[in-house]
Amino acid sequence: MCANTVFLTFLFINARSIDPFLHQRTLEDLNEISTMDSQIDEQVVKLRYRLQNNYDGIVVAENEIRLCRDDLKTNMLFLQGNGRIDRAVRQWEQAFSRKEELIERFKSHNAILKNSMYYFPITIDEAVRLAPSGLRGNLQTLLRDVLTVHAGTDSHAVASEIEHLEAASYPPELRRIMGHALQHAKYILEYNQELDTLIPRITAKETHLFDEELITTYEQSFDHALRVANFYRFLLFLSALWLLSYAIYSFFRLRENSRRLYADLIERRVLEARNERLTKLYKALSEVNQAIVRMDDESSLFPLVCRMSVDFGGMKMAWIGRLSENEDTIEPVEKYGESRHSDDLVIFSGEGMTEEFERTHAAFRENRCVVTHSFENIGVDVSRREWALRHGFGSSGVFPILRAGKPFAVLSVYHVYPDAFDDEMIELLSGMSRDISFALDNFDRESDRKRIEQDLRIAATAFETQEGIVITDRSGRILRVNRAFTNLTGYNALDAIGQRPAMLKSGRQDTAFYHELWETLLRDKYWQGELWNRRKNGEAYPEWLTITAVTDENGQVTHYVGVFSDISIRKEADDKIHRLAFHDPLTSLPNRSFLWERLLQAMASSARSQRRGALLFIDLDNFKTLNDTRGHDMGDLLLIEIAKRLQSCVRDIDTVARLGGDEFIVMLEELSEDDPQAAAAAQNVGEKILESINQPFVLQGIEYHSSSSIGISLFCGEGIGMYDLLKHADTAMYQAKSAGRNTLRFFDPATQAQLETRAALVNDLRQALPLSQFELLYQIQVDERGVTGAETLLRWRHPERGMISPMEFIPLAEETSLIVPIGAWVLQMACEQLRTWQADPHTRHLHLAVNVSARQFRQPDFVGQVLDTLKKTGLDPLDLGLELELTESLVLRDIDDSIKKMQLLRAAGIHFSLDDFGTGQSSLYYLKCLPLDQIKIDQSFVRDIATDPNDAAIVRTIIGMADNLGLKVIAEGVETEQQRDFLERNGCHAHQGYLFARPVPIEEFQNSLSRPCVGDCGP
């Protein structure tokens, strides 16, 4: 049989077919090698004669040859062992390796030659520049000869030239250059010769001959192998016919023998299967018993039991379940086996699985095993049988698990074969459930033991905590102390045991304190609180003490346990926190919170005694200047010195506090019951403070003078609130500031009323624009031709106070920045009116003047806002008719910024008029620089021009100056014929004032355009 097998194997191996595609690939690779070999020769020649500059073609060809070589080794495996082909391949590889070495030498020599050919002319040029005139011709000759040496120049003659030049002497700088140049010349001679030698060797026909020989040898070997394979295929075909005949004969003989062996085999398999099941179950039982020894809780035991039952016990699935709290389901707590059965493990008492629940429940409650030997039996519930057969279960068993003698869980196992649970297997599984019960009981005992040990360790650790512990008997004799007691008190155990806790008394608590302590302890069996004790070294310290009475089962006290801790650090921290919370950290004076408490107490005391008190609100003058010029460190030093001087000016019962910044409060108490006398006393203290602060301060060696402003507010009882009292003093302080600083003022109710009125007006002003309470009035402007336009004037119609004067609300709007949105609204309304006028031919010529506030003009995006408004309203850009009126103080505050903004807006077609000219500090230079169109003469000069020669002279000067600067001029406040005539005579023909019209709403202004002008204002 072995000989036949060897013979057939021999035939099969030798008759294997040769893949024609593989043969074609091999021929292509051999031809590719020959082509790439020729390409390498071509690339080398091109590189030698500078027909190309890189080696990419050589590298690509070499890589392609290597790839073809690797493919050949794989594709020609069917010719392995053929001596001729192996020898041809080996000879070709050797020839190609020699050629690769020559190519690498060629690359190296060619790189050095290229480098020298590049740098040689450069160094020769540098040498010619530095060489004397007699040497330059030799250098240029050398340059020509070296660079043409490969073109036929005698290399020996060139070498002689190099030696001659090397022997000559040169200056140091030229010597270095000549050294580099001659070295490059030597390299060019040397490597030109080397390359000329390498080229014939590289392009020799050695590799080409081996390429051709390899192709010829391969084709002959392939033909021979093909003939041998065909011969062995024929032999293999004859052998196959013989084997087929023998197989038919053997089949009929084996069928007869199989019939006799089948019966024996079935019986043997049944016995082997039973033995295998029992062996696996014994192994599972052994693994479970070993695990019981190692484990200490069911969380790890139950998974192992299920896994051992399946992996070693031969079960298909195993699970351990427990009865739910409402006792209507048995739910698995652990399972193992095929996961596709997991959804059906919960056994319900309801419809569908009633019989299964009853069998499992019986095993659980009655402490007995319940076995289903076969799910195919007719007696099994139909739904249960279908469930089991669907999952491939043949039989099952349920075994109870007890804990502390009571039902705890069930072990349910499923086998794939029917009747798998014989008596011996049932006994083994019952033993496994009993072992699990034993393990659970052992877990409980071990858990109880560990819990007791842990409680003891916790108690021991708790006793040696960081808090001191002392235990006494019922009579108060110390029985035991811990290490913390010794650390805190200084008394060790020998000192304390047998003594009473009274040994620690500090004497700071009286008898009543201890009487109350024992009364509480005997009543509540517990006391906790703070007390002072004394250490062994005599040092008193505060501690937090808790005393607990220990009682027996009859409620009688047997011991007392005291636990205490040193709270010295905590009390110090509390004191520090209290100081930080109620004192200023810089000056250590009381802060605002502490002041409120003291003021509340003072007001209550004043209410009882009817004696007056006073609040002095002190603010340093020009303190910000010191901070800005000398730094905040110097300012802090001044505040500290101010605090000291203030404390020296008052009595012990008075309070000095710092509100923050440079603001201080002095509260005087126990003044006279008489208001004048109390005010005089407060004034005396205030003047004393003023005088003290006026004295020079020495701050880091620098003498500094300061002053203060003081506001005083008296109080008696609680008739006025604390916040109002402080506000009154603050108001009085600002009155002192307004009076020139370095003085004091008492609170004036009238001034407070004005401030409150002002605050209410500001609040109403914030709502005026959203509530549409603003109105625009238009006052006509005329010249000798007639009406030229108007000036828009803003008015505020308050719903309760009526019309409010602009002199009253405009300054408030400036202070609160409300003037910015208000000004934007005025500009928007003016542009919309101009657009309406532009649409009417009768009003197209009219212009409209709009006042711009300083805060509005100083907005960084003012120009953008104006241009956006023009774009939104759609004014004709060729004739806007918009004129912005600016005051002298506005434009001169930042002249460069003003000129820049005015030029941008003027480029958009907007005109500018300088309002109130002459009322400020006018600068003729700046007036020349500003892109103005018109000057408006202020009404304060116009009012008395007919009677006051000075006003008349000023007006004539303004008119003449404007005429010389090429500016238009208009006079405002023209109310009489005499004023108009004077202005006309002196060259001012544009006017605005009550003589022509009062400011009126737009409807009345429109109607007035059709009526004759009052005052004969035009032809």
# chains A, B, ... in the order shown; residues from 1 in each chain; ligands from 1
$ residues_around --residues "stretch 428-441 of chain A" --least-positions-apart "3" --cutoff "7 Å" --atoms "only C-alpha atoms" --output "PDB file with all heavy atoms, in the first residue's frame"
ATOM      1  N   LEU A 285     -17.605  18.636  39.543  1.00  0.00           N
ATOM      2  CA  LEU A 285     -17.773  18.614  40.995  1.00  0.00           C
ATOM      3  C   LEU A 285     -16.449  18.900  41.683  1.00  0.00           C
ATOM      4  O   LEU A 285     -16.392  19.635  42.688  1.00  0.00           O
ATOM      5  CB  LEU A 285     -18.331  17.251  41.425  1.00  0.00           C
ATOM      6  CG  LEU A 285     -18.639  17.087  42.923  1.00  0.00           C
ATOM      7  CD1 LEU A 285     -19.675  18.121  43.361  1.00  0.00           C
ATOM      8  CD2 LEU A 285     -19.156  15.676  43.196  1.00  0.00           C
ATOM      9  N   ILE A 292     -14.727  26.306  46.127  1.00  0.00           N
ATOM     10  CA  ILE A 292     -15.337  26.637  47.422  1.00  0.00           C
ATOM     11  C   ILE A 292     -14.261  26.967  48.438  1.00  0.00           C
ATOM     12  O   ILE A 292     -14.411  27.871  49.275  1.00  0.00           O
ATOM     13  CB  ILE A 292     -16.221  25.467  47.892  1.00  0.00           C
ATOM     14  CG1 ILE A 292     -17.492  25.401  47.014  1.00  0.00           C
ATOM     15  CG2 ILE A 292     -16.593  25.607  49.358  1.00  0.00           C
ATOM     16  CD1 ILE A 292     -18.353  24.200  47.287  1.00  0.00           C
ATOM     17  N   GLU A 298     -20.840  34.423  47.054  1.00  0.00           N
ATOM     18  CA  GLU A 298     -21.535  33.769  45.962  1.00  0.00           C
ATOM     19  C   GLU A 298     -21.425  34.513  44.643  1.00  0.00           C
ATOM     20  O   GLU A 298     -21.681  33.958  43.581  1.00  0.00           O
ATOM     21  CB  GLU A 298     -23.028  33.601  46.302  1.00  0.00           C
ATOM     22  CG  GLU A 298     -23.801  34.904  46.461  1.00  0.00           C
ATOM     23  CD  GLU A 298     -23.817  35.355  47.911  1.00  0.00           C
ATOM     24  OE1 GLU A 298     -22.940  34.947  48.684  1.00  0.00           O
ATOM     25  OE2 GLU A 298     -24.721  36.131  48.260  1.00  0.00           O
ATOM     26  N   PHE A 399     -32.192  21.388  40.940  1.00  0.00           N
ATOM     27  CA  PHE A 399     -31.659  20.932  42.222  1.00  0.00           C
ATOM     28  C   PHE A 399     -31.671  22.105  43.197  1.00  0.00           C
ATOM     29  O   PHE A 399     -31.204  23.204  42.872  1.00  0.00           O
ATOM     30  CB  PHE A 399     -30.227  20.398  42.043  1.00  0.00           C
ATOM     31  CG  PHE A 399     -30.152  19.241  41.087  1.00  0.00           C
ATOM     32  CD1 PHE A 399     -29.990  19.451  39.724  1.00  0.00           C
ATOM     33  CD2 PHE A 399     -30.277  17.939  41.545  1.00  0.00           C
ATOM     34  CE1 PHE A 399     -29.934  18.403  38.833  1.00  0.00           C
ATOM     35  CE2 PHE A 399     -30.210  16.876  40.656  1.00  0.00           C
ATOM     36  CZ  PHE A 399     -30.043  17.099  39.308  1.00  0.00           C
ATOM     37  N   PRO A 400     -32.239  21.907  44.410  1.00  0.00           N
ATOM     38  CA  PRO A 400     -32.375  23.004  45.368  1.00  0.00           C
ATOM     39  C   PRO A 400     -31.030  23.350  46.020  1.00  0.00           C
ATOM     40  O   PRO A 400     -30.166  22.499  46.181  1.00  0.00           O
ATOM     41  CB  PRO A 400     -33.364  22.456  46.387  1.00  0.00           C
ATOM     42  CG  PRO A 400     -33.143  20.980  46.351  1.00  0.00           C
ATOM     43  CD  PRO A 400     -32.806  20.644  44.929  1.00  0.00           C
ATOM     44  N   ILE A 401     -30.912  24.645  46.376  1.00  0.00           N
ATOM     45  CA  ILE A 401     -29.732  25.138  47.117  1.00  0.00           C
ATOM     46  C   ILE A 401     -30.252  25.810  48.381  1.00  0.00           C
ATOM     47  O   ILE A 401     -31.103  26.704  48.323  1.00  0.00           O
ATOM     48  CB  ILE A 401     -28.931  26.143  46.263  1.00  0.00           C
ATOM     49  CG1 ILE A 401     -28.418  25.470  44.992  1.00  0.00           C
ATOM     50  CG2 ILE A 401     -27.773  26.731  47.054  1.00  0.00           C
ATOM     51  CD1 ILE A 401     -27.729  26.425  44.019  1.00  0.00           C
ATOM     52  N   LEU A 402     -29.758  25.359  49.545  1.00  0.00           N
ATOM     53  CA  LEU A 402     -30.184  25.895  50.828  1.00  0.00           C
ATOM     54  C   LEU A 402     -29.141  26.891  51.332  1.00  0.00           C
ATOM     55  O   LEU A 402     -27.970  26.848  50.956  1.00  0.00           O
ATOM     56  CB  LEU A 402     -30.372  24.775  51.843  1.00  0.00           C
ATOM     57  CG  LEU A 402     -31.348  23.658  51.467  1.00  0.00           C
ATOM     58  CD1 LEU A 402     -31.425  22.630  52.590  1.00  0.00           C
ATOM     59  CD2 LEU A 402     -32.734  24.217  51.159  1.00  0.00           C
ATOM     60  N   ARG A 403     -29.616  27.759  52.247  1.00  0.00           N
ATOM     61  CA  ARG A 403     -28.708  28.667  52.951  1.00  0.00           C
ATOM     62  C   ARG A 403     -29.236  28.848  54.357  1.00  0.00           C
ATOM     63  O   ARG A 403     -30.376  29.270  54.537  1.00  0.00           O
ATOM     64  CB  ARG A 403     -28.618  30.020  52.239  1.00  0.00           C
ATOM     65  CG  ARG A 403     -27.506  30.912  52.783  1.00  0.00           C
ATOM     66  CD  ARG A 403     -27.259  32.078  51.885  1.00  0.00           C
ATOM     67  NE  ARG A 403     -26.004  32.761  52.175  1.00  0.00           N
ATOM     68  CZ  ARG A 403     -25.448  33.686  51.437  1.00  0.00           C
ATOM     69  NH1 ARG A 403     -26.052  34.045  50.307  1.00  0.00           N
ATOM     70  NH2 ARG A 403     -24.297  34.233  51.775  1.00  0.00           N
ATOM     71  N   ALA A 404     -28.418  28.462  55.324  1.00  0.00           N
ATOM     72  CA  ALA A 404     -28.832  28.479  56.734  1.00  0.00           C
ATOM     73  C   ALA A 404     -30.047  27.580  56.931  1.00  0.00           C
ATOM     74  O   ALA A 404     -30.931  27.884  57.738  1.00  0.00           O
ATOM     75  CB  ALA A 404     -29.128  29.904  57.189  1.00  0.00           C
ATOM     76  N   GLU A 424     -26.901   7.914  39.066  1.00  0.00           N
ATOM     77  CA  GLU A 424     -25.568   8.342  39.496  1.00  0.00           C
ATOM     78  C   GLU A 424     -25.339   9.829  39.201  1.00  0.00           C
ATOM     79  O   GLU A 424     -24.782  10.558  40.027  1.00  0.00           O
ATOM     80  CB  GLU A 424     -24.514   7.484  38.793  1.00  0.00           C
ATOM     81  CG  GLU A 424     -23.113   7.696  39.346  1.00  0.00           C
ATOM     82  CD  GLU A 424     -22.119   6.688  38.814  1.00  0.00           C
ATOM     83  OE1 GLU A 424     -22.519   5.807  38.026  1.00  0.00           O
ATOM     84  OE2 GLU A 424     -20.939   6.777  39.196  1.00  0.00           O
ATOM     85  N   MET A 425     -25.815  10.294  38.014  1.00  0.00           N
ATOM     86  CA  MET A 425     -25.657  11.718  37.685  1.00  0.00           C
ATOM     87  C   MET A 425     -26.512  12.588  38.598  1.00  0.00           C
ATOM     88  O   MET A 425     -26.075  13.657  39.046  1.00  0.00           O
ATOM     89  CB  MET A 425     -26.024  11.964  36.216  1.00  0.00           C
ATOM     90  CG  MET A 425     -25.894  13.426  35.796  1.00  0.00           C
ATOM     91  SD  MET A 425     -26.173  13.684  34.037  1.00  0.00           S
ATOM     92  CE  MET A 425     -24.589  13.139  33.402  1.00  0.00           C
ATOM     93  N   ASP A 444     -21.215  32.903  54.994  1.00  0.00           N
ATOM     94  CA  ASP A 444     -21.878  33.713  56.013  1.00  0.00           C
ATOM     95  C   ASP A 444     -21.067  33.730  57.299  1.00  0.00           C
ATOM     96  O   ASP A 444     -20.893  34.789  57.930  1.00  0.00           O
ATOM     97  CB  ASP A 444     -23.280  33.163  56.291  1.00  0.00           C
ATOM     98  CG  ASP A 444     -24.201  33.344  55.092  1.00  0.00           C
ATOM     99  OD1 ASP A 444     -23.893  34.201  54.235  1.00  0.00           O
ATOM    100  OD2 ASP A 444     -25.216  32.625  54.999  1.00  0.00           O
ATOM    101  N   ARG A 445     -20.558  32.539  57.699  1.00  0.00           N
ATOM    102  CA  ARG A 445     -19.757  32.499  58.931  1.00  0.00           C
ATOM    103  C   ARG A 445     -18.484  33.324  58.772  1.00  0.00           C
ATOM    104  O   ARG A 445     -18.099  34.066  59.688  1.00  0.00           O
ATOM    105  CB  ARG A 445     -19.410  31.045  59.256  1.00  0.00           C
ATOM    106  CG  ARG A 445     -20.586  30.211  59.749  1.00  0.00           C
ATOM    107  CD  ARG A 445     -20.131  28.860  60.276  1.00  0.00           C
ATOM    108  NE  ARG A 445     -19.579  28.016  59.215  1.00  0.00           N
ATOM    109  CZ  ARG A 445     -20.310  27.181  58.487  1.00  0.00           C
ATOM    110  NH1 ARG A 445     -21.615  27.069  58.693  1.00  0.00           N
ATOM    111  NH2 ARG A 445     -19.737  26.451  57.544  1.00  0.00           N
TER     112      ARG A 445
END
$ select_by_dssp --residues "stretch 373-618 of chain A" --states "alpha helix (DSSP H)" --output "VMD selection string"
chain A and resid 382 to 390 423 to 463 483 to 489 493 to 496 511 to 524 568 to 582 592 to 609
$ residues_around --residues "A:Val146" --least-positions-apart "2" --cutoff "8 Å" --atoms "only C-alpha atoms" --output "list in words"
Leu142, Leu143, Arg144, Thr148, Val149, Thr153, Val158, Ala185, Ile188 and Leu189 of chain A
$ atom_distance --atom1 "atom CA of A:Arg858" --atom2 "atom CA of A:Glu883"
17.8 Å
$ closest_residue --among "A:Leu765, A:Val44, A:Leu545, A:Ile712" --to "A:Lys99" --atoms "only C-alpha atoms"
A:Val44
$ atom_distance --atom1 "atom CA of A:Gly717" --atom2 "atom CA of A:Ala679"
15.6 Å
$ atom_distance --atom1 "atom CA of A:Ala790" --atom2 "atom CA of A:Leu846"
7.8 Å
$ residues_around --residues "A:Tyr191" --least-positions-apart "5" --cutoff "9 Å" --atoms "only C-alpha atoms" --output "VMD selection string"
chain A and resid 109 to 110 112 to 113 186 196
$ residues_around --residues "A:Asp951" --least-positions-apart "2" --cutoff "12 Å" --atoms "only C-alpha atoms" --output "list in words"
Gly918, Thr919, Ile937, Asp938, Gln939, Ser940, Phe941, Val942, Arg943, Asp944, Ile945, Ala946, Thr947, Asp948, Pro949, Ala953, Ile954, Val955, Arg956, Thr957, Ile958, Gln979, Phe982 and Leu983 of chain A
$ write_last_selection --atoms "N, CA and C atoms" --output "compact mmCIF listing (two decimals), in the first residue's frame"
# COMPACT_ATOMS: atom_id res chain seq x y z
N GLY A 918 -16.42 133.00 19.52
CA GLY A 918 -16.02 134.14 20.32
C GLY A 918 -16.25 133.98 21.80
N THR A 919 -17.02 132.94 22.19
CA THR A 919 -17.31 132.76 23.63
C THR A 919 -16.23 131.95 24.33
N ILE A 937 -22.17 133.94 14.84
CA ILE A 937 -21.89 134.90 15.92
C ILE A 937 -22.85 134.62 17.07
N ASP A 938 -22.28 134.46 18.28
CA ASP A 938 -23.10 134.11 19.43
C ASP A 938 -24.03 135.26 19.79
N GLN A 939 -25.24 134.90 20.30
CA GLN A 939 -26.26 135.92 20.62
C GLN A 939 -25.83 136.82 21.77
N SER A 940 -24.83 136.37 22.60
CA SER A 940 -24.39 137.24 23.70
C SER A 940 -23.71 138.50 23.18
N PHE A 941 -23.10 138.43 21.97
CA PHE A 941 -22.52 139.63 21.35
C PHE A 941 -23.57 140.43 20.60
N VAL A 942 -24.56 139.73 20.02
CA VAL A 942 -25.58 140.41 19.22
C VAL A 942 -26.53 141.21 20.10
N ARG A 943 -26.77 140.74 21.32
CA ARG A 943 -27.81 141.31 22.17
C ARG A 943 -27.60 142.82 22.40
N ASP A 944 -26.34 143.26 22.61
CA ASP A 944 -26.08 144.66 22.98
C ASP A 944 -25.25 145.41 21.94
N ILE A 945 -25.27 144.96 20.70
CA ILE A 945 -24.42 145.63 19.71
C ILE A 945 -24.87 147.06 19.43
N ALA A 946 -26.14 147.34 19.69
CA ALA A 946 -26.64 148.70 19.42
C ALA A 946 -26.29 149.66 20.54
N THR A 947 -25.92 149.13 21.72
CA THR A 947 -25.68 150.00 22.89
C THR A 947 -24.28 149.83 23.47
N ASP A 948 -23.62 148.71 23.25
CA ASP A 948 -22.31 148.43 23.86
C ASP A 948 -21.25 148.50 22.77
N PRO A 949 -20.35 149.49 22.83
CA PRO A 949 -19.31 149.61 21.80
C PRO A 949 -18.39 148.38 21.76
N ALA A 953 -17.67 146.23 18.46
CA ALA A 953 -16.32 146.05 17.91
C ALA A 953 -16.01 144.57 17.70
N ILE A 954 -16.42 143.71 18.66
CA ILE A 954 -16.18 142.28 18.52
C ILE A 954 -16.90 141.71 17.32
N VAL A 955 -18.16 142.12 17.13
CA VAL A 955 -18.94 141.60 16.01
C VAL A 955 -18.30 142.03 14.69
N ARG A 956 -17.86 143.34 14.58
CA ARG A 956 -17.22 143.77 13.36
C ARG A 956 -15.94 142.97 13.10
N THR A 957 -15.21 142.68 14.17
CA THR A 957 -13.95 141.91 14.01
C THR A 957 -14.24 140.50 13.50
N ILE A 958 -15.27 139.86 14.06
CA ILE A 958 -15.61 138.50 13.62
C ILE A 958 -16.02 138.50 12.16
N GLN A 979 -30.54 145.75 15.54
CA GLN A 979 -29.52 144.70 15.46
C GLN A 979 -29.34 144.25 14.02
N PHE A 982 -27.50 146.95 11.94
CA PHE A 982 -26.07 147.01 12.24
C PHE A 982 -25.33 145.86 11.55
N LEU A 983 -25.89 144.68 11.62
CA LEU A 983 -25.25 143.53 11.00
C LEU A 983 -25.19 143.68 9.49
